[in-house]
$ cat run_11.cif   # mmCIF, N, CA and C atoms
data_input
#
loop_
_atom_site.label_atom_id
_atom_site.label_comp_id
_atom_site.auth_asym_id
_atom_site.auth_seq_id
_atom_site.Cartn_x
_atom_site.Cartn_y
_atom_site.Cartn_z
N MET A 522 13.69 7.06 14.84
CA MET A 522 13.85 6.18 13.71
C MET A 522 12.76 6.43 12.66
N LEU A 523 11.55 6.71 13.08
CA LEU A 523 10.46 6.94 12.14
C LEU A 523 10.15 8.42 11.96
N ASN A 524 11.10 9.28 12.24
CA ASN A 524 10.87 10.72 12.11
C ASN A 524 10.56 11.13 10.69
N TRP A 525 11.10 10.43 9.71
CA TRP A 525 10.84 10.77 8.31
C TRP A 525 9.37 10.53 7.95
N ILE A 526 8.73 9.58 8.61
CA ILE A 526 7.30 9.35 8.34
C ILE A 526 6.47 10.51 8.86
N ASP A 527 6.90 11.12 9.96
CA ASP A 527 6.16 12.25 10.52
C ASP A 527 6.19 13.46 9.59
N LYS A 528 7.13 13.51 8.68
CA LYS A 528 7.25 14.64 7.75
C LYS A 528 6.39 14.46 6.49
N LEU A 529 5.81 13.27 6.30
CA LEU A 529 5.00 13.03 5.11
C LEU A 529 3.67 13.75 5.21
N ASN A 530 3.26 14.36 4.12
CA ASN A 530 1.99 15.04 4.04
C ASN A 530 0.89 13.99 3.93
N VAL A 531 -0.06 14.00 4.85
CA VAL A 531 -1.10 12.98 4.90
C VAL A 531 -1.99 13.02 3.67
N LYS A 532 -2.37 14.21 3.22
CA LYS A 532 -3.24 14.32 2.05
C LYS A 532 -2.56 13.78 0.80
N ALA A 533 -1.32 14.13 0.60
CA ALA A 533 -0.58 13.64 -0.57
C ALA A 533 -0.38 12.13 -0.48
N LEU A 534 -0.08 11.65 0.70
CA LEU A 534 0.10 10.22 0.90
C LEU A 534 -1.20 9.47 0.65
N LEU A 535 -2.32 10.04 1.04
CA LEU A 535 -3.62 9.43 0.79
C LEU A 535 -3.89 9.30 -0.70
N VAL A 536 -3.62 10.36 -1.45
CA VAL A 536 -3.83 10.34 -2.90
C VAL A 536 -2.94 9.29 -3.56
N VAL A 537 -1.68 9.27 -3.19
CA VAL A 537 -0.74 8.30 -3.77
C VAL A 537 -1.15 6.88 -3.39
N ALA A 538 -1.54 6.67 -2.15
CA ALA A 538 -1.91 5.33 -1.69
C ALA A 538 -3.13 4.80 -2.45
N VAL A 539 -4.12 5.65 -2.63
CA VAL A 539 -5.33 5.21 -3.34
C VAL A 539 -5.02 4.94 -4.81
N LEU A 540 -4.27 5.83 -5.44
CA LEU A 540 -3.95 5.64 -6.86
C LEU A 540 -3.11 4.39 -7.09
N ILE A 541 -2.06 4.21 -6.30
CA ILE A 541 -1.20 3.04 -6.48
C ILE A 541 -1.95 1.75 -6.16
N ALA A 542 -2.83 1.80 -5.18
CA ALA A 542 -3.60 0.60 -4.82
C ALA A 542 -4.58 0.22 -5.93
N LEU A 543 -5.11 1.19 -6.65
CA LEU A 543 -6.12 0.92 -7.66
C LEU A 543 -5.59 0.81 -9.08
N LEU A 544 -4.34 1.15 -9.31
CA LEU A 544 -3.78 1.05 -10.66
C LEU A 544 -3.44 -0.38 -11.00
N PRO A 545 -3.54 -0.83 -12.20
CA PRO A 545 -4.32 -0.25 -13.29
C PRO A 545 -5.80 -0.47 -13.02
N PHE A 546 -6.60 0.45 -13.49
CA PHE A 546 -8.03 0.40 -13.20
C PHE A 546 -8.75 -0.72 -13.94
N GLN A 547 -8.28 -1.05 -15.12
CA GLN A 547 -8.91 -2.11 -15.93
C GLN A 547 -7.90 -3.19 -16.22
N PRO A 548 -8.16 -4.43 -16.26
CA PRO A 548 -9.43 -5.07 -15.98
C PRO A 548 -9.67 -5.24 -14.48
N GLU A 549 -8.59 -5.29 -13.69
CA GLU A 549 -8.73 -5.43 -12.24
C GLU A 549 -7.50 -4.80 -11.59
N PRO A 550 -7.68 -4.04 -10.52
CA PRO A 550 -6.50 -3.46 -9.86
C PRO A 550 -5.53 -4.54 -9.39
N HIS A 551 -4.24 -4.27 -9.57
CA HIS A 551 -3.20 -5.25 -9.22
C HIS A 551 -3.28 -5.67 -7.76
N LEU A 552 -3.54 -4.73 -6.88
CA LEU A 552 -3.56 -5.07 -5.46
C LEU A 552 -4.65 -6.08 -5.16
N PHE A 553 -5.83 -5.89 -5.72
CA PHE A 553 -6.92 -6.85 -5.52
C PHE A 553 -6.56 -8.21 -6.10
N GLU A 554 -5.96 -8.19 -7.28
CA GLU A 554 -5.55 -9.44 -7.93
C GLU A 554 -4.52 -10.18 -7.09
N LYS A 555 -3.52 -9.46 -6.58
CA LYS A 555 -2.46 -10.10 -5.80
C LYS A 555 -2.97 -10.60 -4.45
N ILE A 556 -3.89 -9.87 -3.83
CA ILE A 556 -4.48 -10.33 -2.57
C ILE A 556 -5.29 -11.59 -2.80
N ARG A 557 -6.03 -11.63 -3.92
CA ARG A 557 -6.79 -12.83 -4.26
C ARG A 557 -5.84 -14.00 -4.51
N MET A 558 -4.72 -13.74 -5.20
CA MET A 558 -3.72 -14.78 -5.44
C MET A 558 -3.13 -15.27 -4.12
N LEU A 559 -2.85 -14.36 -3.20
CA LEU A 559 -2.32 -14.73 -1.90
C LEU A 559 -3.31 -15.60 -1.13
N TYR A 560 -4.57 -15.22 -1.17
CA TYR A 560 -5.62 -15.98 -0.48
C TYR A 560 -5.76 -17.40 -1.06
N ASN A 561 -5.63 -17.51 -2.38
CA ASN A 561 -5.77 -18.81 -3.05
C ASN A 561 -4.49 -19.64 -3.01
N GLY A 562 -3.39 -19.06 -2.55
CA GLY A 562 -2.13 -19.78 -2.50
C GLY A 562 -1.38 -19.79 -3.82
N ASP A 563 -1.75 -18.88 -4.72
CA ASP A 563 -1.12 -18.82 -6.04
C ASP A 563 0.00 -17.78 -6.13
N LEU A 564 0.27 -17.08 -5.06
CA LEU A 564 1.27 -16.01 -5.08
C LEU A 564 2.65 -16.63 -4.82
N VAL A 565 3.28 -17.14 -5.88
CA VAL A 565 4.56 -17.84 -5.71
C VAL A 565 5.68 -17.23 -6.54
N ARG A 566 5.35 -16.55 -7.62
CA ARG A 566 6.40 -15.96 -8.46
C ARG A 566 6.96 -14.71 -7.79
N PRO A 567 8.27 -14.52 -7.84
CA PRO A 567 8.87 -13.33 -7.22
C PRO A 567 8.31 -12.01 -7.76
N ILE A 568 7.99 -11.94 -9.05
CA ILE A 568 7.45 -10.70 -9.60
C ILE A 568 6.07 -10.39 -9.01
N ASP A 569 5.29 -11.41 -8.73
CA ASP A 569 3.97 -11.19 -8.12
C ASP A 569 4.11 -10.73 -6.68
N ILE A 570 5.07 -11.29 -5.95
CA ILE A 570 5.32 -10.87 -4.57
C ILE A 570 5.79 -9.42 -4.55
N PHE A 571 6.71 -9.07 -5.46
CA PHE A 571 7.19 -7.70 -5.57
C PHE A 571 6.04 -6.75 -5.90
N ASP A 572 5.17 -7.17 -6.82
CA ASP A 572 4.03 -6.35 -7.21
C ASP A 572 3.09 -6.11 -6.04
N LEU A 573 2.86 -7.14 -5.24
CA LEU A 573 2.02 -6.98 -4.04
C LEU A 573 2.66 -5.98 -3.08
N LEU A 574 3.95 -6.09 -2.85
CA LEU A 574 4.64 -5.16 -1.96
C LEU A 574 4.62 -3.74 -2.52
N LEU A 575 4.83 -3.60 -3.81
CA LEU A 575 4.86 -2.28 -4.44
C LEU A 575 3.51 -1.58 -4.34
N HIS A 576 2.45 -2.30 -4.60
CA HIS A 576 1.13 -1.68 -4.59
C HIS A 576 0.56 -1.50 -3.18
N SER A 577 1.09 -2.21 -2.20
CA SER A 577 0.58 -2.06 -0.83
C SER A 577 1.45 -1.14 0.03
N LEU A 578 2.66 -0.83 -0.39
CA LEU A 578 3.56 0.00 0.42
C LEU A 578 2.97 1.37 0.77
N PRO A 579 2.39 2.12 -0.17
CA PRO A 579 1.80 3.41 0.23
C PRO A 579 0.68 3.28 1.25
N LEU A 580 -0.11 2.22 1.16
CA LEU A 580 -1.17 2.01 2.15
C LEU A 580 -0.59 1.72 3.53
N VAL A 581 0.49 0.97 3.57
CA VAL A 581 1.15 0.68 4.84
C VAL A 581 1.74 1.96 5.43
N LEU A 582 2.39 2.77 4.59
CA LEU A 582 2.94 4.04 5.07
C LEU A 582 1.84 4.96 5.59
N LEU A 583 0.72 5.00 4.88
CA LEU A 583 -0.41 5.82 5.32
C LEU A 583 -0.93 5.33 6.67
N ALA A 584 -1.06 4.04 6.84
CA ALA A 584 -1.53 3.50 8.12
C ALA A 584 -0.57 3.84 9.25
N ILE A 585 0.72 3.70 9.01
CA ILE A 585 1.72 4.04 10.04
C ILE A 585 1.64 5.52 10.38
N ARG A 586 1.51 6.36 9.35
CA ARG A 586 1.43 7.81 9.57
C ARG A 586 0.20 8.17 10.40
N LEU A 587 -0.94 7.57 10.08
CA LEU A 587 -2.17 7.87 10.82
C LEU A 587 -2.11 7.36 12.25
N ILE A 588 -1.50 6.21 12.46
CA ILE A 588 -1.32 5.69 13.81
C ILE A 588 -0.42 6.61 14.62
N ARG A 589 0.65 7.09 13.99
CA ARG A 589 1.57 8.00 14.71
C ARG A 589 0.89 9.32 15.03
N ILE A 590 0.03 9.81 14.15
CA ILE A 590 -0.72 11.04 14.44
C ILE A 590 -1.62 10.82 15.64
N LYS A 591 -2.32 9.68 15.66
CA LYS A 591 -3.24 9.39 16.75
C LYS A 591 -2.49 9.21 18.07
N LEU A 592 -1.32 8.58 18.03
CA LEU A 592 -0.56 8.35 19.26
C LEU A 592 0.00 9.63 19.86
N TYR A 593 0.33 10.59 19.01
CA TYR A 593 0.98 11.81 19.50
C TYR A 593 0.06 13.01 19.55
N GLU A 594 -1.24 12.77 19.58
CA GLU A 594 -2.19 13.89 19.72
C GLU A 594 -2.12 14.49 21.10
#
$ encode --input "run_11.cif" --output "structure tokens"
Amino acid sequence: MLNWIDKLNVKALLVVAVLIALLPFQPEPHLFEKIRMLYNGDLVRPIDIFDLLLHSLPLVLLAIRLIRIKLYE
């Protein structure tokens, strides 16, 4: 089921994950803003929830990929 994740290039995924997590660079990265909103209980609008998912998805994929590499060494 997760065979497609095993085909992802780790270096490329790392670059994409870091860039998407940190964009936009000014005034504050969206991911940090959305996590702060989630912590404060202000994350209620659907667009903000979507934005959190969009900016965190590459990081989640990277984590899954690295876990699968470690498990199948």
$ resolve_selection --input "run_11.cif" --expression "the PyMOL selection byres ((chain A and resi 571-575) around 8)" --output "list of chain:residue names"
A:Ile541, A:Ala542, A:His551, A:Leu552, A:Glu554, A:Lys555, A:Ile556, A:Arg566, A:Pro567, A:Ile568, A:Asp569, A:Ile570, A:His576, A:Ser577, A:Leu578, A:Pro579, A:Leu580
$ atom_distance --input "run_11.cif" --atom1 "atom CA of A:Asn524" --atom2 "atom CA of A:Val539"
23.1 Å
$ atom_distance --input "run_11.cif" --atom1 "atom N of A:Phe546" --atom2 "atom CA of A:Met558"
17.5 Å
$ resolve_selection --input "run_11.cif" --expression "the PyMOL selection byres ((chain A and resi 584-594) around 8)" --output "PDB file with N, CA and C atoms, in the frame of the given file"
ATOM      1  N   ILE A 526       8.730   9.580   8.610  1.00  0.00           N
ATOM      2  CA  ILE A 526       7.300   9.350   8.340  1.00  0.00           C
ATOM      3  C   ILE A 526       6.470  10.510   8.860  1.00  0.00           C
ATOM      4  N   ASP A 527       6.900  11.120   9.960  1.00  0.00           N
ATOM      5  CA  ASP A 527       6.160  12.250  10.520  1.00  0.00           C
ATOM      6  C   ASP A 527       6.190  13.460   9.590  1.00  0.00           C
ATOM      7  N   LEU A 529       5.810  13.270   6.300  1.00  0.00           N
ATOM      8  CA  LEU A 529       5.000  13.030   5.110  1.00  0.00           C
ATOM      9  C   LEU A 529       3.670  13.750   5.210  1.00  0.00           C
ATOM     10  N   VAL A 531      -0.060  14.000   4.850  1.00  0.00           N
ATOM     11  CA  VAL A 531      -1.100  12.980   4.900  1.00  0.00           C
ATOM     12  C   VAL A 531      -1.990  13.020   3.670  1.00  0.00           C
ATOM     13  N   LEU A 578       2.660  -0.830  -0.390  1.00  0.00           N
ATOM     14  CA  LEU A 578       3.560   0.000   0.420  1.00  0.00           C
ATOM     15  C   LEU A 578       2.970   1.370   0.770  1.00  0.00           C
ATOM     16  N   PRO A 579       2.390   2.120  -0.170  1.00  0.00           N
ATOM     17  CA  PRO A 579       1.800   3.410   0.230  1.00  0.00           C
ATOM     18  C   PRO A 579       0.680   3.280   1.250  1.00  0.00           C
ATOM     19  N   LEU A 580      -0.110   2.220   1.160  1.00  0.00           N
ATOM     20  CA  LEU A 580      -1.170   2.010   2.150  1.00  0.00           C
ATOM     21  C   LEU A 580      -0.590   1.720   3.530  1.00  0.00           C
ATOM     22  N   VAL A 581       0.490   0.970   3.570  1.00  0.00           N
ATOM     23  CA  VAL A 581       1.150   0.680   4.840  1.00  0.00           C
ATOM     24  C   VAL A 581       1.740   1.960   5.430  1.00  0.00           C
ATOM     25  N   LEU A 582       2.390   2.770   4.590  1.00  0.00           N
ATOM     26  CA  LEU A 582       2.940   4.040   5.070  1.00  0.00           C
ATOM     27  C   LEU A 582       1.840   4.960   5.590  1.00  0.00           C
ATOM     28  N   LEU A 583       0.720   5.000   4.880  1.00  0.00           N
ATOM     29  CA  LEU A 583      -0.410   5.820   5.320  1.00  0.00           C
ATOM     30  C   LEU A 583      -0.930   5.330   6.670  1.00  0.00           C
TER      31      LEU A 583
END
$ atom_distance --input "run_11.cif" --atom1 "atom N of A:Arg557" --atom2 "atom C of A:Leu540"
16.6 Å
$ axis_aligned_box --input "run_11.cif" --around "stretch 568-585 of chain A" --padding-each-side "6 Å" --output "lines of an AutoDock Vina configuration file"
center_x = 3.2
center_y = -3.1
center_z = 0.4
size_x = 21.5
size_y = 29.8
size_z = 32.0
